[in-house]
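Written out below as structure tokens is the structure these notes cover.
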Amino acid sequence: MEPVHTELFSHSVQHVLDLVGIFVFAISGALLAVRKNYDVFGMAVLAEVTALGGGLIRDLIIGAVPPAAFTDLGYFLTPLIATTVVFFLHPQVERINTTINVFDAAGLGLFCVAGTTKAYDYGLNLTASATLGLATAVGGGVLRDLLGNEVPSLLRWDRDLYAVPAIVGATVVVVLIKFQALTPATGVLAVLCAFALRLLAMRYH
Amino acid sequence: MEPVHTELFSHSVQHVLDLVGIFVFAISGALLAVRKNYDVFGMAVLAEVTALGGGLIRDLIIGAVPPAAFTDLGYFLTPLIATTVVFFLHPQVERINTTINVFDAAGLGLFCVAGTTKAYDYGLNLTASATLGLATAVGGGVLRDLLGNEVPSLLRWDRDLYAVPAIVGATVVVVLIKFQALTPATGVLAVLCAFALRLLAMRYH
Amino acid sequence: MEPVHTELFSHSVQHVLDLVGIFVFAISGALLAVRKNYDVFGMAVLAEVTALGGGLIRDLIIGAVPPAAFTDLGYFLTPLIATTVVFFLHPQVERINTTINVFDAAGLGLFCVAGTTKAYDYGLNLTASATLGLATAVGGGVLRDLLGNEVPSLLRWDRDLYAVPAIVGATVVVVLIKFQALTPATGVLAVLCAFALRLLAMRYH
């Protein structure tokens with residue numbers, strides 16, 4: 001299916017934002033590998049899977065093959081850079097856990113919006129687009145937890161609210177599309193909305 | 001690949017049967033979430049994955065993208081209704097475990113036949129079609145168990161026979177196709193055959 | 001996407017080598033099922049998943065649907081033969097663990113080379129092709145460990161080096177492609193290179 005063109009951000013801005021999201025998600029994957037006592041290769045695998053897994057699932061479902069993760073070298077190399085950072089700095093990285101969580105929240109916001117938009121571009125209906133936006137945002141983390149043999153934190157009572165901000169962000173985007181009000185400015189607002197909700201969930205849970 | 005047209009049931013009958021199968025599988029997913037002490041969101045995720053996972057795997061493999069799970073709103077909403085039912089009624093639902101198992105057996109029968117037929121429609125050979133029929137019937141349950149961090153019940157000695165009825169149902173369908181004897185009536189017989197075998201397995205195991 | 005034609009081996013040679021790789025990987029899957037006390041159906045499922053999972057992931061990602069695993073009956077039957085062998089001979093098979101590991105190392109070498117070549121045939125860039133070669137070689141084992149509820153051995157410090165030989169083999173292939181030096185002879189060298197490295201890793205780790 002040929003994608004309809006509903007570009008939300010300019011291409012280069014989108015690309016930088018994607019790489020930022022990929023980087024921070026990769027950090028969280030590499031850190032789980034450190035906690036699990038995996039070797040440096042295991043760190044790289046978990047970093048790649050966490051950062052690219054959500055987008056990969058989305059791309060397989062909408063038929064965008066080969067997925068962006070395999071056609072853009074920057075997408076592949078960014079998690080390896082994150083792995084290197086964690087490998088040399090992980091005591092410090094763990095201490096700055098709060099900073100990581102803030103970046104991760106930003107990644108969540110970016111990915112739920114970008115995922116929803118891309119799915120809609122490929123002709124899915126609004127509900128399906130929002131669902132795939134959610135899958136893009138949380139899919140990498142679920143794969144990370146599966147490979148790490150942990151119950152996906154997405155599913156547990158005793159973790160911070162993680163999915164709700166992504167659902168809200170994706171829903172805001174499809175409402176904006178529905179009312180033909182999706183512009184770069186409102187798209188950024190949807191990102192910030194999911195981001196802020198996630199920060200609030202971490203603070204008050 | 002364009003699907004060959006070998007419609008087994010009329011479209012509206014097929015659709016109702018699909019939704020029934022989705023509903024009963026979703027109940028089993030939501031109940032696992034309750035037993036695992038997940039929150040209501042975890043219940044919804046497990047319900048969606050259990051009900052739609054098998055068909056999703058089949059659709060990705062045969063190249064039917066975007067999968068039916070994402071293009072038909074009823075497929076998406078039915079597991080959420082099942083989640084709501086379990087959320088408000090789960091003590092009662094657990095007590096009616098036998099009833100659930102009967103519905104689940106019906107879902108198994110429906111999905112192994114529908115999955116086999118759809119795969120054959122997309123041009124796969126008979127063995128591959130039967131394998132995908134099996135995958136459609138059991139795939140959702142395997143994903144449910146993976147996300148719940150359990151060994152897939154499909155694989156264990158000490159569980160009731162689960163795969164065999166689905167294999168028999170799928171095999172009956174491909175034999176019927178082979179001898180050009182697949183009609184709505186014989187298709188229903190294949191469903192009933194898998195269904196009855198599953199009930200017998202539960203009773204005498 | 002139509003595949004570019006860069007056939008590495010003649011088709012019949014390639015097919016025999018594929019089946020050998022599938023067979024030895026299937027043995028390792030069936031043996032894990034025996035150790036986990038699964039029934040014979042569980043053995044067959046783990047054998048199929050281990051042998052065909054890596055190629056299936058690759059084919060979904062490059063858009064080669066339906067995947068070879070479903071269009072070639074030999075691919076499907078070989079793991080069932082391996083299951084039968086393990087079922088009747090598994091005490092002996094376990095005693096010949098070293099032999100298995102040697103075959104498994106051969107499978108690893110074959111699959112990383114065949115996976116890289118196929119991905120390149122479908123138009124992916126060199127880095128993506130090597131990554132998919134790695135995924136083809138190790139993907140089945142990761143799925144096997146996930147279904148067996150084990151931490152993927154790929155990721156653990158305390159296991160023999162498994163991924164590195166596959167990475168080396170895949171990298172050798174893309175370097176050969178880059179310098180237009182990929183011939184049957186050099187392709188076999190890449191297979192032997194990965195194979196030998198894996199044997200050395202088992203011996204000296």
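All residue names refer to the structure tokens as shown: chains lettered A, B, ... in order, residues numbered from 1 in each chain, ligands numbered from 1 in order.
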
Which residues of region 20-134 of chain B have any atom within 9 Å of an atom in region 49-71 of chain C when counting only C-alpha atoms, and what is the closest pair of atoms for each, with the distance in Å to one decimal? Order the rows by chain and rising number and write it as a Markdown table.
```
| residue | atom | partner | partner_atom | distance |
| --- | --- | --- | --- | --- |
| B:Leu60 | CA | C:Leu60 | CA | 7.3 |
| B:Ile61 | CA | C:Pro66 | CA | 5.5 |
| B:Ile62 | CA | C:Pro66 | CA | 5.0 |
| B:Gly63 | CA | C:Val65 | CA | 5.6 |
| B:Tyr122 | CA | C:Pro66 | CA | 8.9 |
| B:Gly123 | CA | C:Pro66 | CA | 8.8 |
| B:Leu124 | CA | C:Thr71 | CA | 6.6 |
| B:Asn125 | CA | C:Thr71 | CA | 6.8 |
| B:Thr127 | CA | C:Phe70 | CA | 8.2 |
| B:Ala128 | CA | C:Phe70 | CA | 5.1 |
| B:Ser129 | CA | C:Phe70 | CA | 8.3 |
| B:Thr131 | CA | C:Phe70 | CA | 8.5 |
| B:Leu132 | CA | C:Phe70 | CA | 8.8 |
```

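What separates CA of Thr78 (chain A) from CA of Tyr120 (chain C) is a distance of 21.9 Å.
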
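Minimum distance to Phe76 (chain B) across A:Val34, A:Cys193, A:Val175, A:Ala130 (counting only C-alpha atoms) occurs at A:Ala130.
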